[in-house]
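Trainee: So here's coords_16.txt (compact mmCIF, N, CA and C atoms).
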```txt
# COMPACT_ATOMS: atom_id res chain seq x y z
N MET Q 1 66.83 -90.69 -28.09
CA MET Q 1 66.42 -89.78 -27.04
C MET Q 1 67.62 -89.52 -26.15
N ASN Q 2 67.99 -88.28 -25.99
CA ASN Q 2 69.16 -87.92 -25.21
C ASN Q 2 68.71 -87.27 -23.91
N THR Q 3 68.74 -88.04 -22.84
CA THR Q 3 68.39 -87.49 -21.53
C THR Q 3 69.64 -87.44 -20.68
N THR Q 4 69.82 -86.33 -20.03
CA THR Q 4 70.97 -86.18 -19.15
C THR Q 4 70.50 -86.18 -17.71
N THR Q 5 71.27 -86.81 -16.90
CA THR Q 5 70.95 -86.86 -15.48
C THR Q 5 71.71 -85.76 -14.77
N ALA Q 6 71.04 -85.10 -13.88
CA ALA Q 6 71.69 -84.04 -13.11
C ALA Q 6 72.75 -84.65 -12.19
N GLN Q 7 73.88 -83.98 -12.13
CA GLN Q 7 74.95 -84.43 -11.24
C GLN Q 7 74.86 -83.64 -9.94
N VAL Q 8 74.52 -84.35 -8.88
CA VAL Q 8 74.43 -83.73 -7.55
C VAL Q 8 75.40 -84.47 -6.65
N PRO Q 9 76.39 -83.77 -6.10
CA PRO Q 9 77.34 -84.46 -5.21
C PRO Q 9 76.62 -84.88 -3.93
N ASN Q 10 76.86 -86.10 -3.52
CA ASN Q 10 76.15 -86.58 -2.32
C ASN Q 10 76.86 -86.25 -1.02
N ASN Q 11 78.10 -85.78 -1.07
CA ASN Q 11 78.86 -85.37 0.12
C ASN Q 11 79.04 -86.51 1.13
N LEU Q 12 78.99 -87.74 0.66
CA LEU Q 12 79.10 -88.88 1.57
C LEU Q 12 80.49 -88.98 2.19
N VAL Q 13 81.52 -88.66 1.44
CA VAL Q 13 82.88 -88.73 1.99
C VAL Q 13 83.02 -87.77 3.16
N TRP Q 14 82.54 -86.52 2.98
CA TRP Q 14 82.63 -85.53 4.06
C TRP Q 14 81.79 -85.97 5.25
N ALA Q 15 80.66 -86.58 4.99
CA ALA Q 15 79.80 -87.04 6.08
C ALA Q 15 80.50 -88.13 6.89
N ILE Q 16 81.13 -89.07 6.21
CA ILE Q 16 81.83 -90.15 6.91
C ILE Q 16 83.03 -89.61 7.68
N LEU Q 17 83.79 -88.72 7.06
CA LEU Q 17 84.96 -88.16 7.74
C LEU Q 17 84.55 -87.33 8.96
N SER Q 18 83.48 -86.57 8.84
CA SER Q 18 83.05 -85.78 9.98
C SER Q 18 82.51 -86.68 11.09
N THR Q 19 81.95 -87.80 10.74
CA THR Q 19 81.49 -88.74 11.76
C THR Q 19 82.67 -89.38 12.48
N LEU Q 20 83.68 -89.76 11.74
CA LEU Q 20 84.83 -90.43 12.35
C LEU Q 20 85.72 -89.48 13.15
N PHE Q 21 85.94 -88.28 12.65
CA PHE Q 21 86.93 -87.41 13.26
C PHE Q 21 86.35 -86.22 14.01
N CYS Q 22 85.07 -85.98 13.91
CA CYS Q 22 84.51 -84.78 14.53
C CYS Q 22 83.45 -85.16 15.55
N CYS Q 23 82.24 -84.85 15.25
CA CYS Q 23 81.13 -85.03 16.19
C CYS Q 23 80.23 -86.17 15.69
N LEU Q 24 80.18 -87.24 16.43
CA LEU Q 24 79.46 -88.44 15.99
C LEU Q 24 77.97 -88.20 15.70
N PRO Q 25 77.20 -87.59 16.60
CA PRO Q 25 75.76 -87.44 16.31
C PRO Q 25 75.47 -86.61 15.05
N ALA Q 26 76.14 -85.47 14.91
CA ALA Q 26 75.92 -84.64 13.73
C ALA Q 26 76.43 -85.33 12.47
N GLY Q 27 77.49 -86.09 12.58
CA GLY Q 27 78.02 -86.83 11.45
C GLY Q 27 77.06 -87.91 10.97
N ILE Q 28 76.38 -88.54 11.90
CA ILE Q 28 75.41 -89.58 11.53
C ILE Q 28 74.24 -88.95 10.76
N VAL Q 29 73.79 -87.80 11.22
CA VAL Q 29 72.71 -87.10 10.50
C VAL Q 29 73.18 -86.76 9.08
N SER Q 30 74.43 -86.33 8.97
CA SER Q 30 74.99 -86.01 7.66
C SER Q 30 75.03 -87.24 6.76
N ILE Q 31 75.39 -88.38 7.30
CA ILE Q 31 75.42 -89.62 6.52
C ILE Q 31 74.02 -89.99 6.04
N VAL Q 32 73.02 -89.81 6.89
CA VAL Q 32 71.64 -90.15 6.51
C VAL Q 32 71.20 -89.30 5.32
N TYR Q 33 71.47 -87.99 5.38
CA TYR Q 33 71.09 -87.13 4.26
C TYR Q 33 71.90 -87.45 3.01
N ALA Q 34 73.18 -87.74 3.17
CA ALA Q 34 74.02 -88.06 2.01
C ALA Q 34 73.55 -89.35 1.33
N ALA Q 35 73.08 -90.30 2.14
CA ALA Q 35 72.62 -91.57 1.58
C ALA Q 35 71.31 -91.41 0.79
N GLN Q 36 70.57 -90.36 1.04
CA GLN Q 36 69.31 -90.14 0.33
C GLN Q 36 69.49 -89.57 -1.07
N VAL Q 37 70.64 -88.98 -1.33
CA VAL Q 37 70.83 -88.23 -2.59
C VAL Q 37 70.69 -89.14 -3.81
N ASN Q 38 71.42 -90.24 -3.85
CA ASN Q 38 71.39 -91.10 -5.04
C ASN Q 38 70.01 -91.70 -5.29
N GLY Q 39 69.32 -92.06 -4.23
CA GLY Q 39 67.98 -92.61 -4.38
C GLY Q 39 67.00 -91.59 -4.96
N LYS Q 40 67.12 -90.36 -4.49
CA LYS Q 40 66.24 -89.31 -5.02
C LYS Q 40 66.57 -89.00 -6.47
N LEU Q 41 67.86 -89.02 -6.82
CA LEU Q 41 68.23 -88.81 -8.22
C LEU Q 41 67.69 -89.92 -9.09
N ALA Q 42 67.77 -91.15 -8.62
CA ALA Q 42 67.28 -92.29 -9.41
C ALA Q 42 65.77 -92.19 -9.61
N ALA Q 43 65.08 -91.60 -8.62
CA ALA Q 43 63.63 -91.45 -8.74
C ALA Q 43 63.24 -90.22 -9.55
N GLY Q 44 64.23 -89.43 -9.95
CA GLY Q 44 63.95 -88.26 -10.75
C GLY Q 44 63.69 -87.00 -9.93
N ASP Q 45 63.88 -87.07 -8.64
CA ASP Q 45 63.66 -85.94 -7.75
C ASP Q 45 64.95 -85.14 -7.58
N VAL Q 46 65.27 -84.32 -8.58
CA VAL Q 46 66.53 -83.56 -8.57
C VAL Q 46 66.51 -82.51 -7.46
N ALA Q 47 65.38 -81.85 -7.26
CA ALA Q 47 65.28 -80.83 -6.22
C ALA Q 47 65.46 -81.46 -4.83
N GLY Q 48 64.85 -82.61 -4.63
CA GLY Q 48 65.00 -83.32 -3.36
C GLY Q 48 66.42 -83.79 -3.14
N ALA Q 49 67.07 -84.22 -4.22
CA ALA Q 49 68.46 -84.67 -4.12
C ALA Q 49 69.37 -83.50 -3.76
N ARG Q 50 69.13 -82.35 -4.37
CA ARG Q 50 69.94 -81.16 -4.04
C ARG Q 50 69.71 -80.74 -2.60
N ASP Q 51 68.46 -80.81 -2.16
CA ASP Q 51 68.13 -80.45 -0.78
C ASP Q 51 68.85 -81.39 0.21
N SER Q 52 68.80 -82.69 -0.06
CA SER Q 52 69.48 -83.65 0.81
C SER Q 52 70.99 -83.45 0.78
N ALA Q 53 71.56 -83.15 -0.39
CA ALA Q 53 73.00 -82.90 -0.50
C ALA Q 53 73.39 -81.66 0.29
N ASP Q 54 72.57 -80.62 0.21
CA ASP Q 54 72.85 -79.41 0.97
C ASP Q 54 72.77 -79.66 2.47
N LYS Q 55 71.78 -80.44 2.89
CA LYS Q 55 71.65 -80.76 4.31
C LYS Q 55 72.82 -81.62 4.79
N ALA Q 56 73.25 -82.56 3.96
CA ALA Q 56 74.40 -83.40 4.32
C ALA Q 56 75.64 -82.55 4.51
N LYS Q 57 75.84 -81.60 3.60
CA LYS Q 57 77.00 -80.70 3.70
C LYS Q 57 76.90 -79.83 4.95
N LYS Q 58 75.71 -79.30 5.21
CA LYS Q 58 75.50 -78.45 6.38
C LYS Q 58 75.80 -79.22 7.67
N TRP Q 59 75.31 -80.44 7.78
CA TRP Q 59 75.53 -81.23 9.00
C TRP Q 59 76.99 -81.64 9.15
N ALA Q 60 77.67 -81.88 8.05
CA ALA Q 60 79.10 -82.19 8.12
C ALA Q 60 79.89 -80.98 8.62
N ILE Q 61 79.51 -79.80 8.16
CA ILE Q 61 80.17 -78.57 8.62
C ILE Q 61 79.90 -78.34 10.09
N TRP Q 62 78.65 -78.52 10.50
CA TRP Q 62 78.32 -78.35 11.92
C TRP Q 62 79.06 -79.37 12.78
N SER Q 63 79.26 -80.55 12.27
CA SER Q 63 80.02 -81.56 13.00
C SER Q 63 81.46 -81.11 13.21
N ALA Q 64 82.06 -80.56 12.18
CA ALA Q 64 83.44 -80.07 12.29
C ALA Q 64 83.52 -78.89 13.25
N ILE Q 65 82.55 -77.99 13.18
CA ILE Q 65 82.54 -76.83 14.09
C ILE Q 65 82.39 -77.30 15.53
N ALA Q 66 81.52 -78.27 15.75
CA ALA Q 66 81.32 -78.79 17.11
C ALA Q 66 82.61 -79.41 17.65
N ALA Q 67 83.35 -80.10 16.80
CA ALA Q 67 84.61 -80.71 17.23
C ALA Q 67 85.62 -79.64 17.63
N VAL Q 68 85.68 -78.56 16.87
CA VAL Q 68 86.61 -77.47 17.19
C VAL Q 68 86.20 -76.81 18.51
N VAL Q 69 84.92 -76.54 18.69
CA VAL Q 69 84.44 -75.91 19.93
C VAL Q 69 84.74 -76.79 21.14
N VAL Q 70 84.45 -78.07 21.03
CA VAL Q 70 84.73 -78.99 22.14
C VAL Q 70 86.23 -79.06 22.42
N GLY Q 71 87.04 -79.08 21.39
CA GLY Q 71 88.49 -79.10 21.57
C GLY Q 71 89.00 -77.86 22.29
N VAL Q 72 88.49 -76.69 21.89
CA VAL Q 72 88.90 -75.44 22.54
C VAL Q 72 88.45 -75.43 24.00
N LEU Q 73 87.20 -75.84 24.26
CA LEU Q 73 86.72 -75.89 25.64
C LEU Q 73 87.53 -76.87 26.48
N TYR Q 74 87.88 -77.99 25.91
CA TYR Q 74 88.70 -78.97 26.62
C TYR Q 74 90.06 -78.37 26.97
N PHE Q 75 90.66 -77.68 26.02
CA PHE Q 75 91.95 -77.05 26.26
C PHE Q 75 91.85 -76.00 27.37
N ILE Q 76 90.79 -75.19 27.35
CA ILE Q 76 90.60 -74.17 28.38
C ILE Q 76 90.43 -74.81 29.75
N ILE Q 77 89.63 -75.86 29.82
CA ILE Q 77 89.42 -76.53 31.11
C ILE Q 77 90.70 -77.15 31.63
N ILE Q 78 91.46 -77.79 30.76
CA ILE Q 78 92.73 -78.39 31.18
C ILE Q 78 93.70 -77.32 31.68
N MET Q 79 93.75 -76.19 30.97
CA MET Q 79 94.64 -75.11 31.41
C MET Q 79 94.16 -74.53 32.74
N ALA Q 80 92.86 -74.42 32.94
CA ALA Q 80 92.33 -73.88 34.19
C ALA Q 80 92.63 -74.83 35.34
N VAL Q 81 92.45 -76.12 35.14
CA VAL Q 81 92.73 -77.09 36.20
C VAL Q 81 94.23 -77.12 36.50
N GLY Q 82 95.04 -77.04 35.46
CA GLY Q 82 96.49 -77.01 35.67
C GLY Q 82 96.90 -75.74 36.39
N GLY Q 83 96.27 -74.63 36.07
CA GLY Q 83 96.56 -73.37 36.73
C GLY Q 83 96.14 -73.39 38.18
N LEU Q 84 95.03 -74.04 38.49
CA LEU Q 84 94.59 -74.15 39.88
C LEU Q 84 95.56 -74.99 40.69
N GLY Q 85 96.11 -76.03 40.06
CA GLY Q 85 97.09 -76.85 40.77
C GLY Q 85 98.35 -76.08 41.07
N ALA Q 86 98.76 -75.22 40.14
CA ALA Q 86 99.95 -74.41 40.36
C ALA Q 86 99.71 -73.33 41.40
N LEU Q 87 98.49 -72.78 41.44
CA LEU Q 87 98.18 -71.74 42.41
C LEU Q 87 98.06 -72.28 43.83
N SER Q 88 97.65 -73.53 43.96
CA SER Q 88 97.49 -74.10 45.29
C SER Q 88 98.82 -74.53 45.90
N GLY Q 89 99.87 -74.40 45.12
CA GLY Q 89 101.19 -74.75 45.65
C GLY Q 89 101.46 -76.23 45.67
N GLY Q 90 100.68 -76.96 44.94
CA GLY Q 90 100.85 -78.41 44.91
C GLY Q 90 102.13 -78.78 44.18
N ASN Q 91 102.79 -79.81 44.70
CA ASN Q 91 104.02 -80.26 44.06
C ASN Q 91 103.81 -81.54 43.29
N GLY Q 92 102.57 -81.94 43.18
CA GLY Q 92 102.28 -83.12 42.41
C GLY Q 92 102.18 -84.39 43.23
N SER Q 93 102.53 -84.33 44.50
CA SER Q 93 102.44 -85.54 45.35
C SER Q 93 101.21 -85.40 46.26
N TYR Q 94 100.56 -86.53 46.48
CA TYR Q 94 99.33 -86.50 47.28
C TYR Q 94 99.53 -87.24 48.54
```
Would you write the structure of this file as structure tokens?

Mentor:
Amino acid sequence: MNTTTAQVPNNLVWAILSTLFCCLPAGIVSIVYAAQVNGKLAAGDVAGARDSADKAKKWAIWSAIAAVVVGVLYFIIIMAVGGLGALSGGNGSY
């Protein structure tokens, strides 16, 4: 009997990297979904495994996007605060 198992990538590496380097809450959700993939495949639930893999990928992407948005906002705020200091004529001494 020749049975083949469907190969569904679990995206666990991307989930872990997005958790470490991007947005922690969204990365954790991604890890949870990625961890479900192999169990669902072992149970024969290929559709559920694909769904969990897709969700893990989606949450990893959202984690990376959130990190970029926060980084840009941080840069804008720092530039605005620095600009306000220059406009007030401050010389850096208090």

Trainee: Taking the DSSP assignment computed from this structure's backbone, write out as a VMD selection string all residues of chain Q that belong to alpha helix (DSSP H).

Mentor: chain Q and resid 12 to 21 24 to 42 46 to 87

Trainee: Give me, please, the distance in Å between CA of Val32 (chain Q) and CA of Val68 (chain Q), quoted to one decimal.

Mentor: 22.3 Å

Trainee: Figure out the distance between atom C of Ala42 (chain Q) and atom N of Trp14 (chain Q), please, to one decimal in Å.

Mentor: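 For atom N of Trp14 (chain Q) relative to atom C of Ala42 (chain Q), the distance reads 21.7 Å.
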
Trainee: Could you jot down the CA of Lys58 (chain Q) to CA of Lys40 (chain Q) separation for me, Å, one decimal place?

Mentor: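 Straight-line distance from CA of Lys58 (chain Q) to CA of Lys40 (chain Q) works out to 18.3 Å.
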
Trainee: Excluding same-chain residues fewer than 4 positions from region 61-67 of chain Q, what lies within 7 Å of it counting only N, CA and C atoms, as a PyMOL selection string?

Mentor: chain Q and resi 18-19+21-24+26-27+56-57+71-72

Trainee: Quick one: write out the picked residues with N, CA and C atoms as a CSV table (one decimal), keeping the file's coordinate frame?

Mentor:
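And here's again27.csv as it stands now:
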```
chain,number,residue,atom,x,y,z
Q,18,SER,N,83.5,-86.6,8.8
Q,18,SER,CA,83.0,-85.8,10.0
Q,18,SER,C,82.5,-86.7,11.1
Q,19,THR,N,82.0,-87.8,10.7
Q,19,THR,CA,81.5,-88.7,11.8
Q,19,THR,C,82.7,-89.4,12.5
Q,21,PHE,N,85.9,-88.3,12.6
Q,21,PHE,CA,86.9,-87.4,13.3
Q,21,PHE,C,86.4,-86.2,14.0
Q,22,CYS,N,85.1,-86.0,13.9
Q,22,CYS,CA,84.5,-84.8,14.5
Q,22,CYS,C,83.4,-85.2,15.6
Q,23,CYS,N,82.2,-84.8,15.2
Q,23,CYS,CA,81.1,-85.0,16.2
Q,23,CYS,C,80.2,-86.2,15.7
Q,24,LEU,N,80.2,-87.2,16.4
Q,24,LEU,CA,79.5,-88.4,16.0
Q,24,LEU,C,78.0,-88.2,15.7
Q,26,ALA,N,76.1,-85.5,14.9
Q,26,ALA,CA,75.9,-84.6,13.7
Q,26,ALA,C,76.4,-85.3,12.5
Q,27,GLY,N,77.5,-86.1,12.6
Q,27,GLY,CA,78.0,-86.8,11.4
Q,27,GLY,C,77.1,-87.9,11.0
Q,56,ALA,N,73.2,-82.6,4.0
Q,56,ALA,CA,74.4,-83.4,4.3
Q,56,ALA,C,75.6,-82.6,4.5
Q,57,LYS,N,75.8,-81.6,3.6
Q,57,LYS,CA,77.0,-80.7,3.7
Q,57,LYS,C,76.9,-79.8,5.0
Q,71,GLY,N,87.0,-79.1,21.4
Q,71,GLY,CA,88.5,-79.1,21.6
Q,71,GLY,C,89.0,-77.9,22.3
Q,72,VAL,N,88.5,-76.7,21.9
Q,72,VAL,CA,88.9,-75.4,22.5
Q,72,VAL,C,88.4,-75.4,24.0
```

Trainee: With all atoms listed in the file as the counted atoms, please give the residues lying no more than 6.5 Å from Leu12 (chain Q), apart from itself and same-chain residues fewer than 3 positions off, as a PDB file with N, CA and C atoms, keeping the file's coordinate frame.

Mentor:
```
ATOM      1  N   PRO Q   9      76.390 -83.770  -6.100  1.00  0.00           N
ATOM      2  CA  PRO Q   9      77.340 -84.460  -5.210  1.00  0.00           C
ATOM      3  C   PRO Q   9      76.620 -84.880  -3.930  1.00  0.00           C
ATOM      4  N   ALA Q  15      80.660 -86.580   4.990  1.00  0.00           N
ATOM      5  CA  ALA Q  15      79.800 -87.040   6.080  1.00  0.00           C
ATOM      6  C   ALA Q  15      80.500 -88.130   6.890  1.00  0.00           C
ATOM      7  N   ILE Q  16      81.130 -89.070   6.210  1.00  0.00           N
ATOM      8  CA  ILE Q  16      81.830 -90.150   6.910  1.00  0.00           C
ATOM      9  C   ILE Q  16      83.030 -89.610   7.680  1.00  0.00           C
ATOM     10  N   LEU Q  17      83.790 -88.720   7.060  1.00  0.00           N
ATOM     11  CA  LEU Q  17      84.960 -88.160   7.740  1.00  0.00           C
ATOM     12  C   LEU Q  17      84.550 -87.330   8.960  1.00  0.00           C
ATOM     13  N   ILE Q  31      75.390 -88.380   7.300  1.00  0.00           N
ATOM     14  CA  ILE Q  31      75.420 -89.620   6.520  1.00  0.00           C
ATOM     15  C   ILE Q  31      74.020 -89.990   6.040  1.00  0.00           C
ATOM     16  N   ALA Q  34      73.180 -87.740   3.170  1.00  0.00           N
ATOM     17  CA  ALA Q  34      74.020 -88.060   2.010  1.00  0.00           C
ATOM     18  C   ALA Q  34      73.550 -89.350   1.330  1.00  0.00           C
ATOM     19  N   ALA Q  35      73.080 -90.300   2.140  1.00  0.00           N
ATOM     20  CA  ALA Q  35      72.620 -91.570   1.580  1.00  0.00           C
ATOM     21  C   ALA Q  35      71.310 -91.410   0.790  1.00  0.00           C
TER      22      ALA Q  35
END
```

Trainee: Please determine, counting only C-alpha atoms, which residue among Q:Val70, Q:Ile78, Q:Val8, Q:Ala60 has the shortest atom-to-atom distance to Pro25 (chain Q).

Mentor: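 Counting only C-alpha atoms, the residue closest to Pro25 (chain Q) is Q:Ala60.
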
Trainee: Pick from Q:Val69, Q:Val81, Q:Val29, Q:Val13: nearest to Lys55 (chain Q), with only N, CA and C atoms counted?

Mentor: Q:Val29

Trainee: Identify which of the residues Q:Phe75, Q:Gly83, Q:Gln36, Q:Val46 lies closest to Ala6 (chain Q), counting only N, CA and C atoms when measuring atom-to-atom distances.

Mentor: Q:Val46

Trainee: Which one is closest to Ile28 (chain Q): Q:Ala47, Q:Trp59, Q:Ser52, Q:Ala80? Count only C-alpha atoms.

Mentor: Q:Trp59
